[in-house]
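S.K.: Below is final.cif; it holds mmCIF, C-alpha atoms and all ligand atoms.
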data_protein
loop_
_atom_site.label_atom_id
_atom_site.label_comp_id
_atom_site.auth_asym_id
_atom_site.auth_seq_id
_atom_site.Cartn_x
_atom_site.Cartn_y
_atom_site.Cartn_z
CA MET A 74 6.58 11.81 -23.58
CA ASP A 75 9.98 12.27 -21.94
CA PHE A 76 12.12 9.18 -21.41
CA SER A 77 14.92 10.98 -19.54
CA LEU A 78 15.38 10.53 -15.81
CA THR A 79 15.04 13.47 -13.41
CA GLU A 80 18.02 14.73 -11.40
CA ASP A 81 16.54 13.10 -8.30
CA GLN A 82 16.13 9.76 -10.04
CA ILE A 83 19.73 9.87 -11.25
CA ALA A 84 20.88 10.74 -7.72
CA PHE A 85 18.92 7.85 -6.16
CA GLY A 86 20.42 5.49 -8.73
CA GLN A 87 23.94 6.73 -8.04
CA THR A 88 23.54 6.39 -4.27
CA ALA A 89 22.27 2.83 -4.71
CA ARG A 90 25.13 1.99 -7.11
CA GLN A 91 27.68 3.28 -4.57
CA PHE A 92 26.10 1.18 -1.81
CA ALA A 93 26.06 -1.86 -4.10
CA LYS A 94 29.68 -1.31 -5.13
CA LYS A 95 30.92 -0.94 -1.56
CA GLU A 96 28.69 -3.25 0.46
CA LEU A 97 27.16 -5.84 -1.87
CA LYS A 98 29.22 -6.74 -4.94
CA PRO A 99 32.51 -7.48 -3.13
CA ASN A 100 30.72 -9.94 -0.82
CA ALA A 101 28.11 -11.48 -3.10
CA ALA A 102 30.13 -14.58 -4.08
CA GLU A 103 31.00 -15.40 -0.47
CA TRP A 104 27.43 -14.89 0.79
CA ASP A 105 26.26 -17.20 -1.99
CA ARG A 106 28.88 -19.85 -1.13
CA GLU A 107 28.21 -19.66 2.61
CA SER A 108 24.42 -19.20 2.32
CA HIS A 109 24.86 -16.13 4.50
CA PHE A 110 22.00 -13.66 4.99
CA PRO A 111 23.77 -10.33 5.59
CA VAL A 112 21.31 -8.79 8.04
CA ASP A 113 23.88 -6.21 9.21
CA VAL A 114 24.39 -4.89 5.67
CA ILE A 115 20.64 -4.87 4.99
CA LYS A 116 20.15 -2.84 8.17
CA LYS A 117 22.86 -0.43 7.02
CA SER A 118 20.86 0.19 3.84
CA GLY A 119 18.07 1.42 6.13
CA GLU A 120 20.21 4.49 6.88
CA LEU A 121 19.85 5.43 3.20
CA GLY A 122 16.08 4.88 3.22
CA PHE A 123 16.22 1.70 1.13
CA LEU A 124 14.02 -0.24 3.58
CA GLY A 125 11.15 2.22 3.30
CA LEU A 126 11.43 3.36 -0.29
CA TYR A 127 7.70 3.88 -0.83
CA THR A 128 6.66 4.08 2.80
CA ASN A 129 4.94 7.31 3.79
CA PRO A 130 7.41 9.95 5.16
CA GLU A 131 5.02 10.31 8.13
CA TYR A 132 6.41 6.95 9.26
CA ASP A 133 10.03 7.74 8.29
CA GLY A 134 9.85 6.34 4.75
CA LEU A 135 11.09 8.05 1.58
CA GLY A 136 7.63 8.04 -0.02
CA LEU A 137 9.08 7.47 -3.50
CA PRO A 138 7.04 6.50 -6.55
CA ARG A 139 7.49 2.95 -7.93
CA LEU A 140 9.54 4.20 -10.85
CA ASP A 141 12.14 5.83 -8.60
CA SER A 142 12.19 2.77 -6.34
CA ALA A 143 12.78 0.56 -9.37
CA ILE A 144 15.87 2.58 -10.24
CA VAL A 145 17.22 1.90 -6.74
CA PHE A 146 16.42 -1.84 -6.83
CA GLU A 147 18.14 -2.25 -10.19
CA GLU A 148 21.38 -0.85 -8.83
CA LEU A 149 21.20 -2.93 -5.66
CA ALA A 150 20.65 -6.10 -7.73
CA TRP A 151 23.63 -5.16 -9.88
CA GLY A 152 25.58 -5.74 -6.65
CA ASP A 153 23.73 -8.78 -5.27
CA THR A 154 20.54 -10.24 -6.75
CA SER A 155 19.52 -12.27 -3.74
CA VAL A 156 19.96 -9.50 -1.16
CA ALA A 157 18.31 -6.86 -3.35
CA ALA A 158 15.35 -9.16 -4.03
CA TYR A 159 14.91 -9.78 -0.30
CA MET A 160 15.01 -6.00 0.30
CA SER A 161 12.28 -5.60 -2.31
CA ILE A 162 10.10 -8.12 -0.43
CA HIS A 163 10.71 -6.24 2.83
CA ASN A 164 9.59 -3.05 1.09
CA MET A 165 6.46 -4.80 -0.19
CA VAL A 166 5.58 -5.86 3.35
CA ALA A 167 6.15 -2.34 4.70
CA TRP A 168 4.00 -0.98 1.87
CA MET A 169 1.09 -3.28 2.78
CA VAL A 170 1.26 -2.20 6.44
CA GLY A 171 1.45 1.48 5.45
CA GLU A 172 -1.27 1.32 2.81
CA TYR A 173 -3.86 -0.69 4.71
CA GLY A 174 -2.93 -0.60 8.42
CA SER A 175 -4.47 1.70 11.05
CA ASP A 176 -2.42 4.69 12.17
CA ALA A 177 -1.63 2.86 15.44
CA LEU A 178 -0.37 -0.19 13.54
CA CYS A 179 1.75 1.99 11.26
CA GLN A 180 3.24 3.82 14.27
CA GLN A 181 3.96 0.50 15.93
CA TYR A 182 5.65 -1.21 12.99
CA LEU A 183 6.82 1.13 10.26
CA PRO A 184 9.57 3.26 11.86
CA ASN A 185 11.23 0.04 13.05
CA MET A 186 10.85 -1.56 9.61
CA VAL A 187 12.18 1.50 7.80
CA SER A 188 15.26 1.66 10.03
CA GLY A 189 15.88 -2.07 9.55
CA GLU A 190 15.44 -2.82 13.24
CA TRP A 191 12.66 -5.19 12.17
CA LEU A 192 12.69 -7.09 8.88
CA GLY A 193 9.55 -8.37 7.17
CA SER A 194 8.28 -11.47 5.36
CA TYR A 195 5.30 -11.86 3.03
CA CYS A 196 3.35 -15.04 3.75
CA LEU A 197 0.93 -16.11 1.04
CA THR A 198 2.07 -19.44 -0.43
CA GLU A 199 1.09 -22.75 1.20
CA PRO A 200 2.09 -26.33 0.39
CA ASN A 201 -1.17 -26.84 -1.55
CA ALA A 202 -1.83 -23.24 -2.58
CA GLY A 203 0.85 -21.84 -4.91
CA SER A 204 -0.40 -20.42 -8.21
CA ASP A 205 -3.94 -20.94 -6.88
CA ALA A 206 -3.20 -18.79 -3.85
CA ALA A 207 -6.90 -18.01 -3.28
CA SER A 208 -7.37 -21.63 -2.17
CA LEU A 209 -5.18 -21.04 0.90
CA ARG A 210 -6.23 -22.84 4.08
CA THR A 211 -4.35 -21.13 6.93
CA LYS A 212 -7.17 -20.23 9.28
CA ALA A 213 -7.67 -17.23 11.57
CA ASP A 214 -10.54 -17.78 14.04
CA LYS A 215 -11.78 -14.65 15.79
CA GLN A 216 -12.03 -15.13 19.55
CA GLY A 217 -12.80 -11.84 21.30
CA ASP A 218 -10.00 -9.34 20.65
CA TYR A 219 -7.74 -11.93 19.05
CA TYR A 220 -7.51 -14.16 16.01
CA VAL A 221 -6.17 -17.65 16.63
CA LEU A 222 -3.99 -18.59 13.69
CA ASN A 223 -3.41 -22.17 12.52
CA GLY A 224 -1.84 -23.46 9.32
CA GLU A 225 1.34 -23.62 7.28
CA LYS A 226 3.06 -21.26 4.88
CA THR A 227 5.85 -22.42 2.60
CA PHE A 228 8.71 -20.85 0.57
CA ILE A 229 8.76 -17.76 2.81
CA SER A 230 11.65 -15.45 1.99
CA GLY A 231 13.61 -14.25 4.99
CA ALA A 232 11.65 -16.51 7.37
CA GLY A 233 13.48 -17.32 10.58
CA SER A 234 15.50 -14.10 10.37
CA THR A 235 12.62 -11.65 10.15
CA ASP A 236 10.47 -10.00 12.78
CA VAL A 237 7.21 -9.01 11.08
CA LEU A 238 5.04 -11.38 9.06
CA VAL A 239 2.16 -10.25 6.88
CA VAL A 240 0.06 -13.41 6.77
CA MET A 241 -2.85 -14.01 4.42
CA ALA A 242 -5.31 -16.25 6.31
CA ARG A 243 -8.88 -17.42 5.96
CA THR A 244 -11.36 -15.60 8.18
CA GLY A 245 -14.40 -16.41 6.04
CA GLY A 246 -15.67 -18.83 3.39
CA ALA A 247 -13.91 -20.37 0.40
CA GLY A 248 -12.25 -18.27 -2.30
CA PRO A 249 -10.50 -14.89 -2.37
CA LYS A 250 -13.25 -13.02 -0.49
CA GLY A 251 -12.71 -15.16 2.61
CA VAL A 252 -9.10 -14.06 3.07
CA SER A 253 -7.80 -11.41 5.48
CA ALA A 254 -4.29 -10.02 5.96
CA LEU A 255 -2.79 -9.98 9.46
CA VAL A 256 0.39 -8.42 10.78
CA VAL A 257 1.98 -11.06 12.99
CA ASP A 258 4.93 -10.78 15.36
CA ALA A 259 7.36 -13.37 13.95
CA HIS A 260 8.52 -14.31 17.45
CA SER A 261 5.00 -15.11 18.78
CA ASP A 262 4.34 -18.28 20.79
CA GLY A 263 3.15 -21.10 18.54
CA ILE A 264 5.27 -20.18 15.49
CA GLU A 265 7.75 -22.79 14.26
CA TYR A 266 10.22 -22.42 11.41
CA GLY A 267 11.35 -25.20 9.07
CA LYS A 268 14.90 -25.78 7.85
CA ASN A 269 16.59 -23.28 5.57
CA GLU A 270 15.76 -24.75 2.13
CA GLN A 271 18.73 -25.77 -0.04
CA LYS A 272 18.13 -23.76 -3.20
CA MET A 273 19.65 -23.44 -6.68
CA GLY A 274 20.14 -19.68 -6.20
CA TRP A 275 19.08 -16.83 -3.91
CA LYS A 276 21.37 -18.43 -1.36
CA ALA A 277 22.12 -15.15 0.43
CA GLN A 278 18.62 -15.16 1.90
CA PRO A 279 16.84 -17.91 3.82
CA THR A 280 13.65 -19.59 2.60
CA ARG A 281 11.64 -21.57 5.16
CA THR A 282 8.23 -22.98 5.92
CA ILE A 283 6.36 -21.42 8.84
CA SER A 284 3.86 -23.37 10.99
CA PHE A 285 1.27 -21.52 13.02
CA ASN A 286 -0.09 -23.45 16.00
CA ASN A 287 -2.75 -21.49 17.91
CA VAL A 288 -0.88 -18.21 17.42
CA LYS A 289 -2.72 -15.29 19.03
CA VAL A 290 -2.88 -12.17 16.86
CA PRO A 291 -4.69 -9.01 18.04
CA VAL A 292 -7.71 -8.12 15.87
CA ALA A 293 -6.18 -4.63 15.73
CA ASN A 294 -3.34 -6.16 13.64
CA ARG A 295 -5.67 -6.85 10.71
CA LEU A 296 -5.02 -4.81 7.57
CA GLY A 297 -8.26 -3.22 6.34
CA GLU A 298 -11.50 -5.14 6.69
CA GLU A 299 -12.11 -8.86 6.88
CA GLY A 300 -12.22 -10.37 3.40
CA GLN A 301 -10.00 -7.71 1.78
CA GLY A 302 -6.73 -9.56 2.37
CA PHE A 303 -6.48 -11.31 -0.99
CA SER A 304 -6.95 -8.17 -3.03
CA MET A 305 -4.37 -6.40 -0.81
CA ALA A 306 -1.96 -9.27 -1.36
CA MET A 307 -2.45 -8.97 -5.14
CA LYS A 308 -1.96 -5.18 -5.04
CA GLY A 309 1.26 -5.77 -3.10
CA LEU A 310 2.34 -8.18 -5.82
CA ASP A 311 1.81 -5.61 -8.60
CA GLY A 312 4.67 -3.58 -7.17
CA GLY A 313 6.48 -6.77 -6.15
CA ARG A 314 6.50 -7.95 -9.76
CA ILE A 315 8.08 -4.70 -10.93
CA ASN A 316 10.76 -5.21 -8.28
CA ILE A 317 11.41 -8.86 -9.16
CA GLY A 318 11.67 -7.79 -12.80
CA ILE A 319 13.99 -4.86 -12.19
CA CYS A 320 16.22 -6.92 -9.88
CA ALA A 321 16.53 -9.34 -12.81
CA VAL A 322 17.49 -6.44 -15.09
CA GLY A 323 20.12 -5.21 -12.61
CA THR A 324 21.67 -8.67 -12.68
CA ALA A 325 21.46 -8.84 -16.48
CA GLN A 326 23.21 -5.46 -16.64
CA ALA A 327 26.00 -6.78 -14.41
CA ALA A 328 26.34 -9.90 -16.59
CA LEU A 329 26.41 -7.79 -19.75
CA GLU A 330 29.15 -5.51 -18.35
CA THR A 331 31.25 -8.52 -17.30
CA ALA A 332 30.84 -10.18 -20.70
CA THR A 333 31.61 -6.98 -22.64
CA ASN A 334 34.90 -6.61 -20.78
CA TYR A 335 35.75 -10.28 -21.09
CA VAL A 336 35.39 -10.54 -24.88
CA LYS A 337 37.86 -7.67 -25.31
CA GLU A 338 40.45 -9.46 -23.15
CA ARG A 339 40.02 -13.07 -24.24
CA SER A 340 41.88 -14.03 -27.41
CA GLN A 341 41.38 -17.13 -29.57
CA PHE A 342 42.56 -17.80 -33.14
CA GLY A 343 44.97 -14.88 -32.67
CA ASN A 344 42.19 -12.37 -32.11
CA PRO A 345 40.22 -10.93 -29.21
CA ILE A 346 36.95 -12.85 -29.41
CA ALA A 347 35.23 -9.41 -29.57
CA ASN A 348 36.45 -9.27 -33.18
CA PHE A 349 34.16 -12.13 -34.22
CA GLN A 350 30.93 -10.83 -35.67
CA SER A 351 28.80 -13.51 -34.04
CA VAL A 352 30.10 -12.33 -30.65
CA GLN A 353 29.39 -8.70 -31.56
CA PHE A 354 25.84 -9.59 -32.64
CA LYS A 355 25.25 -11.51 -29.44
CA LEU A 356 26.36 -8.48 -27.38
CA ALA A 357 24.16 -6.18 -29.46
CA ASP A 358 21.15 -8.40 -28.81
CA MET A 359 21.94 -8.57 -25.09
CA LEU A 360 22.09 -4.77 -24.79
CA THR A 361 18.88 -4.37 -26.80
CA GLN A 362 17.12 -6.90 -24.57
CA THR A 363 18.39 -5.25 -21.38
CA ILE A 364 17.05 -1.86 -22.46
CA ALA A 365 13.72 -3.31 -23.61
CA ALA A 366 13.29 -5.15 -20.30
CA ARG A 367 14.08 -2.02 -18.27
CA GLN A 368 11.71 0.16 -20.29
CA ILE A 369 8.68 -2.13 -20.00
CA LEU A 370 9.25 -2.17 -16.24
CA TYR A 371 9.40 1.64 -16.14
CA LEU A 372 6.14 1.68 -18.11
CA ALA A 373 4.48 -0.73 -15.64
CA ALA A 374 5.81 1.30 -12.70
CA SER A 375 4.38 4.50 -14.14
CA LYS A 376 1.00 2.73 -14.60
CA VAL A 377 1.05 1.81 -10.88
CA ASP A 378 2.14 5.34 -9.89
CA ASN A 379 -0.76 6.79 -11.92
CA ASN A 380 -3.35 4.29 -10.58
CA ASP A 381 -4.05 3.08 -14.11
CA PRO A 382 -6.93 0.55 -14.05
CA GLN A 383 -4.84 -1.77 -16.24
CA ALA A 384 -1.73 -1.51 -14.03
CA SER A 385 -1.87 -5.19 -12.98
CA VAL A 386 -1.79 -6.31 -16.61
CA TYR A 387 1.24 -4.12 -17.36
CA CYS A 388 2.98 -5.45 -14.24
CA ALA A 389 2.32 -9.03 -15.37
CA MET A 390 3.59 -8.34 -18.91
CA ALA A 391 6.65 -6.54 -17.58
CA LYS A 392 7.51 -9.24 -15.02
CA ARG A 393 7.19 -12.02 -17.58
CA LEU A 394 9.19 -10.34 -20.32
CA SER A 395 11.90 -8.81 -18.16
CA THR A 396 12.64 -11.98 -16.19
CA ASP A 397 12.71 -14.18 -19.32
CA LEU A 398 14.99 -11.72 -21.15
CA SER A 399 17.27 -11.23 -18.13
CA PHE A 400 17.72 -14.96 -17.62
CA ASP A 401 18.61 -15.29 -21.29
CA ILE A 402 21.08 -12.38 -21.11
CA ALA A 403 22.89 -13.87 -18.10
CA ASN A 404 22.99 -17.26 -19.81
CA GLN A 405 24.45 -15.70 -22.98
CA ALA A 406 27.02 -13.84 -20.87
CA LEU A 407 28.01 -17.21 -19.38
CA GLN A 408 28.30 -18.68 -22.89
CA LEU A 409 30.62 -15.84 -23.96
CA HIS A 410 32.94 -16.86 -21.12
CA GLY A 411 33.20 -20.41 -22.46
CA GLY A 412 34.30 -22.89 -19.77
CA TYR A 413 35.25 -20.07 -17.42
CA GLY A 414 31.63 -19.00 -17.27
CA TYR A 415 30.84 -22.33 -15.67
CA LEU A 416 33.35 -21.82 -12.85
CA ASN A 417 32.33 -20.08 -9.67
CA GLU A 418 35.45 -17.91 -9.85
CA TYR A 419 33.36 -15.83 -12.25
CA PRO A 420 29.95 -14.40 -11.31
CA LEU A 421 28.07 -15.69 -14.36
CA GLU A 422 26.97 -19.07 -13.03
CA ARG A 423 25.66 -17.33 -9.87
CA HIS A 424 23.76 -14.80 -11.98
CA VAL A 425 22.11 -17.63 -13.93
CA ARG A 426 21.26 -19.56 -10.77
CA ASP A 427 19.90 -16.44 -9.06
CA LEU A 428 17.79 -15.35 -12.01
CA ARG A 429 16.05 -18.66 -12.54
CA VAL A 430 13.67 -18.13 -9.63
CA HIS A 431 12.58 -14.73 -10.96
CA GLN A 432 10.64 -16.67 -13.62
CA ILE A 433 8.87 -18.61 -10.86
CA LEU A 434 8.06 -16.50 -7.85
CA GLU A 435 5.61 -13.67 -7.20
CA GLY A 436 3.48 -15.53 -9.72
CA THR A 437 5.05 -17.87 -12.29
CA ASN A 438 5.55 -16.57 -15.81
CA GLU A 439 2.71 -18.85 -16.92
CA ILE A 440 0.40 -17.14 -14.42
CA MET A 441 1.57 -13.77 -15.80
CA ARG A 442 0.31 -14.95 -19.20
CA VAL A 443 -2.98 -16.03 -17.60
CA ILE A 444 -3.42 -12.47 -16.21
CA VAL A 445 -2.59 -10.83 -19.55
CA SER A 446 -4.66 -13.11 -21.77
CA ARG A 447 -7.68 -13.06 -19.43
CA GLN A 448 -7.77 -9.27 -19.69
CA MET A 449 -7.02 -8.93 -23.40
CA LEU A 450 -9.88 -11.29 -24.29
CA GLN A 451 -12.43 -9.00 -22.57
CA ASP A 452 -14.54 -6.91 -24.97
CA GLU A 453 -12.81 -3.65 -25.95
CA ALA A 454 -9.91 -4.30 -23.55
CA LEU A 455 -7.29 -4.53 -26.26
CA SER A 456 -7.71 -0.88 -27.19
CA GLN A 457 -6.70 0.11 -23.63
CA LEU A 458 -3.55 -2.03 -23.67
CA ARG A 459 -0.99 -0.22 -25.77
C1 LIG A 501 13.03 -19.04 -3.56
C2 LIG A 501 11.56 -18.78 -3.43
C3 LIG A 501 11.11 -17.73 -2.62
C4 LIG A 501 9.75 -17.51 -2.45
N1 LIG A 501 9.33 -16.52 -1.60
C5 LIG A 501 8.01 -16.43 -1.30
C6 LIG A 501 7.58 -15.53 -0.26
O1 LIG A 501 8.37 -14.79 0.33
N2 LIG A 501 6.26 -15.52 0.06
C7 LIG A 501 5.34 -16.31 -0.56
O2 LIG A 501 4.17 -16.24 -0.21
N3 LIG A 501 5.73 -17.16 -1.56
C8 LIG A 501 7.03 -17.25 -1.92
N4 LIG A 501 7.45 -18.13 -2.91
C9 LIG A 501 6.45 -19.00 -3.53
C10 LIG A 501 6.21 -18.73 -5.01
O3 LIG A 501 5.50 -17.54 -5.15
C11 LIG A 501 5.51 -19.96 -5.59
O4 LIG A 501 6.48 -20.99 -5.66
C12 LIG A 501 4.90 -19.70 -6.97
O5 LIG A 501 3.82 -18.82 -6.87
C13 LIG A 501 4.43 -20.98 -7.65
O6 LIG A 501 3.68 -21.80 -6.80
P1 LIG A 501 4.05 -23.36 -6.67
O7 LIG A 501 5.51 -23.44 -6.37
O8 LIG A 501 3.11 -23.98 -5.71
O9 LIG A 501 3.85 -23.96 -8.12
P2 LIG A 501 2.45 -24.48 -8.75
O10 LIG A 501 1.38 -23.47 -8.56
O11 LIG A 501 2.21 -25.87 -8.27
O12 LIG A 501 2.83 -24.54 -10.28
C14 LIG A 501 3.50 -25.66 -10.92
C15 LIG A 501 3.56 -25.37 -12.42
O13 LIG A 501 2.22 -25.34 -12.94
C16 LIG A 501 2.03 -24.13 -13.65
N5 LIG A 501 0.63 -23.69 -13.51
C17 LIG A 501 -0.13 -23.64 -12.40
N6 LIG A 501 -1.35 -23.15 -12.66
C18 LIG A 501 -1.37 -22.89 -14.00
C19 LIG A 501 -2.35 -22.36 -14.89
N7 LIG A 501 -3.56 -21.96 -14.47
N8 LIG A 501 -2.03 -22.25 -16.20
C20 LIG A 501 -0.80 -22.59 -16.64
N9 LIG A 501 0.18 -23.09 -15.85
C21 LIG A 501 -0.11 -23.23 -14.54
C22 LIG A 501 2.98 -23.13 -13.02
O14 LIG A 501 3.25 -22.05 -13.86
C23 LIG A 501 4.18 -24.02 -12.76
O15 LIG A 501 4.95 -24.12 -13.93
C24 LIG A 501 8.81 -18.33 -3.14
C25 LIG A 501 9.27 -19.36 -3.98
C26 LIG A 501 10.62 -19.58 -4.13
C27 LIG A 501 11.08 -20.71 -5.01
#
What would the structure in this file look like if it were written as structure tokens?
M.R.:
Amino acid sequence: MDFSLTEDQIAFGQTARQFAKKELKPNAAEWDRESHFPVDVIKKSGELGFLGLYTNPEYDGLGLPRLDSAIVFEELAWGDTSVAAYMSIHNMVAWMVGEYGSDALCQQYLPNMVSGEWLGSYCLTEPNAGSDAASLRTKADKQGDYYVLNGEKTFISGAGSTDVLVVMARTGGAGPKGVSALVVDAHSDGIEYGKNEQKMGWKAQPTRTISFNNVKVPVANRLGEEGQGFSMAMKGLDGGRINIGICAVGTAQAALETATNYVKERSQFGNPIANFQSVQFKLADMLTQTIAARQILYLAASKVDNNDPQASVYCAMAKRLSTDLSFDIANQALQLHGGYGYLNEYPLERHVRDLRVHQILEGTNEIMRVIVSRQMLQDEALSQLR
């Protein structure tokens, strides 16, 4: 077992760190304040391949494994959590098209998605179908060569500013087996977007509801067969959960670096506060937690890369632990700044606000525990989970 990164992995990480340093970090506070979605900068990242990290090179992607992609997302999130997390969702959408779409569909969509010409949104959640996503009601009725799409999706990241929607819709009976995944042109007639939601964090990306009113979608835009959409959506989320986790770790790393510098500069009682042992112990715990969070995500990513049958369980464990730890690390970093941590002149309060949603979306951390416990209670399963 070798825990060291390859030269390529180090190089990808460095390229992403440089991009984050130059394009993301200097602007993150302003984008947060202004609720600005920096589409131009996101498109620029396409030149480096960051919008098609695990898309097949046949369609202009980098074709990287999940582990290598995670290294890139961590560095991007070090610069801006909200923008990096959106980019991870775009990559998830491109992955679903590439993995399950016909060659014609891939040719039509992927080169434009990889270059950033078209951005993507993942449309699963509905007002009455959140954690219980398999109960979704958006309906796709087949009429000749088209589906006619009706329904409402909610909490859709990027919506209103994106061009390609992967929509999970009901083409059959109740439950997960009645769901299909469709690639929908976001500018189609019959699509309406709600207001940009006012959120606690993730302000540098829009979140909107989407209404579909008799939207015509070619049957050729279906991913895979009818009824396979829910399992595709869940497979997409395996990788998505690694990304949401590693974006949390990138932010925790940024918070830890800021706090480590601050405690050396800030003096109270005639001493840099770094001289107090309770501060030193807090920093030690924060570093330990950051490394533990990163490593469980690398483990989950390697399980996905190796098609391990238990990969979903590792992704759930990794998402839960890494997002809980990262939120705690950012919160501790804020505490080490005292009152200054609470001011928006410092990045800590933004890190805390941004990280809170990582415990909620792409499956809440309670649902992650449902996935893990359901599997571990199966006969003999525990011996495979190590
Ligand atoms: C900023 C933001 C961006 C998002 N982006 C997207 C996106 O791009 N695409 C998309 O499809 N969705 C997106 N979502 C939706 C997100 O995935 C859902 O909010 C999430 O899955 C939870 O669903 P819900 O909000 O309906 O909560 P609910 O499912 O109503 O859950 C409420 C509470 O009940 C708990 N709960 C529910 N069931 C159980 C259970 N069986 N056992 C224990 N506890 C349970 C939950 O953990 C939670 O604490 C986004 C959400 C946010 C906030």
S.K.: Name all residues at most 8 Å from stretch 173-188 of chain A (count all atoms listed in the file; drop same-chain ones fewer than 3 positions away) and give them as a ChimeraX atom specification.
M.R.: /A:116,119-120,122-125,128,132-134,167,169-170,191-193,293-297,305
S.K.: Around all the atoms of stretch 123-127 of chain A listed in the file, draw an axis-aligned box and extend it by 3 Å on each of the six sides; I want its centre and edge lengths in Å to one decimal, as JSON.
M.R.:
{"center_x": 12.0, "center_y": 1.8, "center_z": 1.4, "size_x": 14.5, "size_y": 10.1, "size_z": 10.4}
S.K.: Residues up to 8 Å from ligand LIG 501 (chain A), counting only C-alpha atoms and all ligand atoms: could you list those as a VMD selection string?
M.R.: chain A and resid 162 194 to 206 226 to 232 272 274 to 275 280 430 433 to 440 443
S.K.: Which polymer residues have any atom within 9 Å of an atom of A:Gly323, counting only C-alpha atoms, with same-chain residues fewer than 6 positions away left out, as a list in words?
M.R.: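 Once the nearby chain positions are removed, what remains is Phe146, Glu147, Glu148, Leu149, Ala150, Trp151, Gly152, Asp153, Thr154, Thr363, Arg367 and Ser399 of chain A.
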S.K.: Go ahead and save the picked residues with C-alpha atoms, as a CSV table (one decimal), keeping the file's coordinate frame.
M.R.:
chain,number,residue,atom,x,y,z
A,146,PHE,CA,16.4,-1.8,-6.8
A,147,GLU,CA,18.1,-2.2,-10.2
A,148,GLU,CA,21.4,-0.8,-8.8
A,149,LEU,CA,21.2,-2.9,-5.7
A,150,ALA,CA,20.6,-6.1,-7.7
A,151,TRP,CA,23.6,-5.2,-9.9
A,152,GLY,CA,25.6,-5.7,-6.6
A,153,ASP,CA,23.7,-8.8,-5.3
A,154,THR,CA,20.5,-10.2,-6.8
A,363,THR,CA,18.4,-5.2,-21.4
A,367,ARG,CA,14.1,-2.0,-18.3
A,399,SER,CA,17.3,-11.2,-18.1
S.K.: Determine, counting all atoms listed in the file, which protein, DNA and RNA residues have an atom within 9 Å of an atom of A:Arg423; residues of the same chain fewer than 3 positions away are not included. Present the result as a list in words.
M.R.: Ala102, Asp105, Gly274, Trp275, Asn417, Tyr419, Pro420, Arg426, Asp427 and Leu428 of chain A
S.K.: Check the smallest atom-to-atom distance from each of A:Val114, A:Lys250, A:Ala157, A:Val145 to A:Gly189 using only C-alpha atoms, then report the winner.
M.R.: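 Of all the options, A:Val114 lies closest to A:Gly189.
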S.K.: Taking all atoms listed in the file into account, which of A:Pro138, A:Gly263, A:Pro279, A:Gly248 comes nearest A:Gly302?
M.R.: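 Looking at the shortest contact to A:Gly302, the residue is A:Gly248.
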S.K.: Between A:Gln301, A:Phe285, A:Ser234, A:Asp214, which one has atoms that come closest to A:Asn269, using all atoms listed in the file?
M.R.: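 Among the listed residues, the smallest separation from A:Asn269 belongs to A:Ser234.
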S.K.: For atom CA of A:Glu422 and atom CA of A:Arg339, determine how far apart the two atoms are, in Å to one decimal place.
M.R.: 18.2 Å
S.K.: Return the single residue from A:Ala254, A:Leu409, A:Gln368, A:Ser304 that is closest to A:Glu330, with distances computed using all atoms listed in the file.
M.R.: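 Residue with the minimum atom-to-atom distance to A:Glu330: A:Leu409.
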S.K.: Using all atoms listed in the file, pick whichever of A:Lys355, A:Lys94, A:Arg459, A:His424 has the shortest atom-to-atom distance to A:Ala403.
M.R.: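 Residue with the minimum atom-to-atom distance to A:Ala403: A:His424.
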S.K.: Quick one, how far is atom CA of A:Glu298 from atom CA of A:Ser253?
M.R.: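 If I compute the distance from atom CA of A:Glu298 to atom CA of A:Ser253, I get 7.4 Å.
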S.K.: Which residue gives the smallest distance to A:Ala332 among A:Ile315, A:Leu310, A:Val352, A:Leu398, with only C-alpha atoms counted?
M.R.: A:Val352
S.K.: As a list in words, please: the residues near A:Ser142 (cut-off 10 Å, only C-alpha atoms, same-chain neighbours under 2 positions excluded).
M.R.: Gln82, Phe85, Gly86, Phe123, Gly125, Leu126, Tyr127, Leu135, Gly136, Leu137, Pro138, Arg139, Leu140, Ile144, Val145, Phe146, Glu147, Ser161, Asn164, Gly312, Ile315, Asn316, Ile319 and Ala374 of chain A
S.K.: Write a file of the selected residues as a CSV table (one decimal), keeping the file's coordinate frame, keeping C-alpha atoms.
M.R.:
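Everything below was put into part.csv:
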chain,number,residue,atom,x,y,z
A,82,GLN,CA,16.1,9.8,-10.0
A,85,PHE,CA,18.9,7.8,-6.2
A,86,GLY,CA,20.4,5.5,-8.7
A,123,PHE,CA,16.2,1.7,1.1
A,125,GLY,CA,11.2,2.2,3.3
A,126,LEU,CA,11.4,3.4,-0.3
A,127,TYR,CA,7.7,3.9,-0.8
A,135,LEU,CA,11.1,8.0,1.6
A,136,GLY,CA,7.6,8.0,0.0
A,137,LEU,CA,9.1,7.5,-3.5
A,138,PRO,CA,7.0,6.5,-6.6
A,139,ARG,CA,7.5,3.0,-7.9
A,140,LEU,CA,9.5,4.2,-10.8
A,144,ILE,CA,15.9,2.6,-10.2
A,145,VAL,CA,17.2,1.9,-6.7
A,146,PHE,CA,16.4,-1.8,-6.8
A,147,GLU,CA,18.1,-2.2,-10.2
A,161,SER,CA,12.3,-5.6,-2.3
A,164,ASN,CA,9.6,-3.0,1.1
A,312,GLY,CA,4.7,-3.6,-7.2
A,315,ILE,CA,8.1,-4.7,-10.9
A,316,ASN,CA,10.8,-5.2,-8.3
A,319,ILE,CA,14.0,-4.9,-12.2
A,374,ALA,CA,5.8,1.3,-12.7
